[in-house]
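J.: Dumping the structure here so I can ask a few things about it.
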Amino acid sequence: MCQHRCLNLRIHELRIHKGLRFGLQRVGAAVLLLCVAGLAPGASLSSVKTVYIETLGTKPGASDLAKRLAGELEKTAGLRLTANKDLADAYVQGDGEIWTRGHISLNPRAGNAPGRGQPVHGGVLSVELRGRDNSVLWSYLATPHSGAADVPKDLSRQVAKSLKTAIDKERRP
C-alpha cells in the first residue's frame, strides 16, 4: 500500500514539475519578448538629452525632492531640463517622501522629544524615466544612506548618479 501511494505521489510530483517547467518557459519567453521590445528604435536611454520632471507626488517633502533632483540631473547627469513636456526626449515621474524619524540629542537629560534635539530624517525616492511613447527606459529606488545629514540632497544625488551611470553604460560600445 505504501509503495503504491509513493508511486502515485511521484507521478503527481512529475506532473507538477513538468507543468512548472512549462510555465517557467512561457514566463522566460515573455520576458525575452519584453526585452527585445524595449530595444526598439527611439526608445534608447543613450538618446536622452532633454528631460521634463513631473511632480513627485503630494507627500511631505516631494516638492523639495523635485527641486533637488532637477539640480542634480543638470549637474551630475549632464541633462538639460525643460518646462515643456512636449519638448523633452523623456520625462521623470515618480513618488518621493521625507519624514522625521525622531530626534537626537547629545545631552542625555534632554531626552529625545521634538524641540530638544536635532531631527533625524528618513525618506524614499522612487523614479522612472519614460520615453515619449511612455515606455520605461530606466527606474530607480533610492533610500538615504545612514547618517545622511541632508536627506533630499542624498536621495536626489543617488538618483542622478545612477542615471548617469546607466546612460554612460549604454553609450559605451
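Simple scheme: letters A, B, ... for chains in C-alpha cells order, numbers from 1 for residues in each chain, numbers from 1 for ligands in the order shown.
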Name all residues at most 7 Å from A:Gly102 (count only C-alpha atoms; drop same-chain ones fewer than 2 positions away) and give them as a ChimeraX atom specification.

T.: /A:100,104,119-120

J.: As a ChimeraX atom specification, which residues of stretch 34-159 of chain A does DSSP assign to helix (DSSP H, G or I)?

T.: /A:34-38,45-47,62-75,85-87,151-159

J.: I need the chosen residues saved as a JSON list (two decimals), in the first residue's frame, with C-alpha atoms.

T.:
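Written out: again_9.json:
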```json
[["chain", "number", "residue", "atom", "x", "y", "z"],
["A", 34, "LEU", "CA", 9.69, 42.42, -23.47],
["A", 35, "CYS", "CA", 13.46, 42.91, -23.50],
["A", 36, "VAL", "CA", 13.57, 42.82, -27.30],
["A", 37, "ALA", "CA", 10.61, 45.22, -27.48],
["A", 38, "GLY", "CA", 12.46, 47.60, -25.16],
["A", 45, "LEU", "CA", 18.39, 55.71, -22.92],
["A", 46, "SER", "CA", 21.52, 56.95, -24.69],
["A", 47, "SER", "CA", 19.46, 59.27, -26.91],
["A", 62, "ALA", "CA", 8.06, 65.77, -2.51],
["A", 63, "SER", "CA", 8.34, 69.29, -3.93],
["A", 64, "ASP", "CA", 11.76, 69.76, -2.30],
["A", 65, "LEU", "CA", 12.87, 66.43, -3.75],
["A", 66, "ALA", "CA", 11.75, 67.52, -7.25],
["A", 67, "LYS", "CA", 13.75, 70.77, -7.00],
["A", 68, "ARG", "CA", 16.84, 68.97, -5.72],
["A", 69, "LEU", "CA", 16.51, 66.27, -8.37],
["A", 70, "ALA", "CA", 16.32, 68.91, -11.11],
["A", 71, "GLY", "CA", 19.56, 70.49, -9.94],
["A", 72, "GLU", "CA", 21.35, 67.16, -9.59],
["A", 73, "LEU", "CA", 20.24, 65.93, -13.02],
["A", 74, "GLU", "CA", 21.65, 69.06, -14.65],
["A", 75, "LYS", "CA", 24.84, 68.99, -12.63],
["A", 85, "LYS", "CA", 6.91, 68.02, -21.66],
["A", 86, "ASP", "CA", 6.44, 68.07, -25.46],
["A", 87, "LEU", "CA", 9.99, 69.35, -25.99],
["A", 151, "VAL", "CA", 18.21, 63.50, 3.06],
["A", 152, "PRO", "CA", 16.68, 65.25, -0.02],
["A", 153, "LYS", "CA", 20.16, 66.01, -1.34],
["A", 154, "ASP", "CA", 21.32, 62.44, -0.68],
["A", 155, "LEU", "CA", 18.32, 60.88, -2.44],
["A", 156, "SER", "CA", 18.46, 63.18, -5.48],
["A", 157, "ARG", "CA", 22.22, 62.69, -5.79],
["A", 158, "GLN", "CA", 21.81, 58.89, -5.75],
["A", 159, "VAL", "CA", 19.18, 59.04, -8.49]]
```

J.: Could you pull out the strand (DSSP E or B) residues of stretch 29-150 of chain A from DSSP and send them as a PyMOL selection string?

T.: chain A and resi 50-53+80-81+90-104+118-131+136-142

J.: Kindly indicate which residue among A:Val48, A:Asp168, A:Ser162, A:Glu97 lies nearest to A:Arg132, using only C-alpha atoms for the distances.

T.: A:Val48

J.: In Å, rounded to a single decimal, give me how far atom CA of A:Ile98 is from atom CA of A:Arg130.

T.: 23.7 Å

J.: So the first atom is atom CA of A:Tyr52 and the second is atom CA of A:Leu79; what is the distance between them in Å, to one decimal place?

T.: 10.0 Å

J.: Of the candidates A:Ala83, A:Arg172, A:Thr58, A:Gly122, which shows the shortest atom-to-atom distance to A:His145, using only C-alpha atoms?

T.: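 For A:His145, the nearest of the candidates is A:Gly122.
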
J.: Could you pull the residues within 10 Å of A:Gly115, counting only C-alpha atoms, minus those fewer than 5 positions along the same chain, as JSON, numbers by chain?

T.: {"A": [103, 104, 105, 110]}

J.: Mind writing the picked residues with C-alpha atoms as a PDB file, in the first residue's frame?

T.:
```pdb
ATOM      1  CA  HIS A 103      15.219  63.456  17.384  1.00  0.00           C
ATOM      2  CA  ILE A 104      18.700  63.004  18.746  1.00  0.00           C
ATOM      3  CA  SER A 105      20.462  64.971  21.444  1.00  0.00           C
ATOM      4  CA  ALA A 110      17.245  66.469  27.385  1.00  0.00           C
TER       5      ALA A 110
END
```

J.: From the list A:Leu129, A:Ala77, A:Ala166, A:Val124, which residue is nearest A:Ile53 when using only C-alpha atoms?

T.: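 Among A:Leu129, A:Ala77, A:Ala166, A:Val124, it is A:Leu129 that comes nearest to A:Ile53.
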
J.: From the options A:Lys161, A:Lys59, A:Lys49, A:Lys169, which residue's atoms come nearest to A:Gly94, counting only C-alpha atoms?

T.: A:Lys59
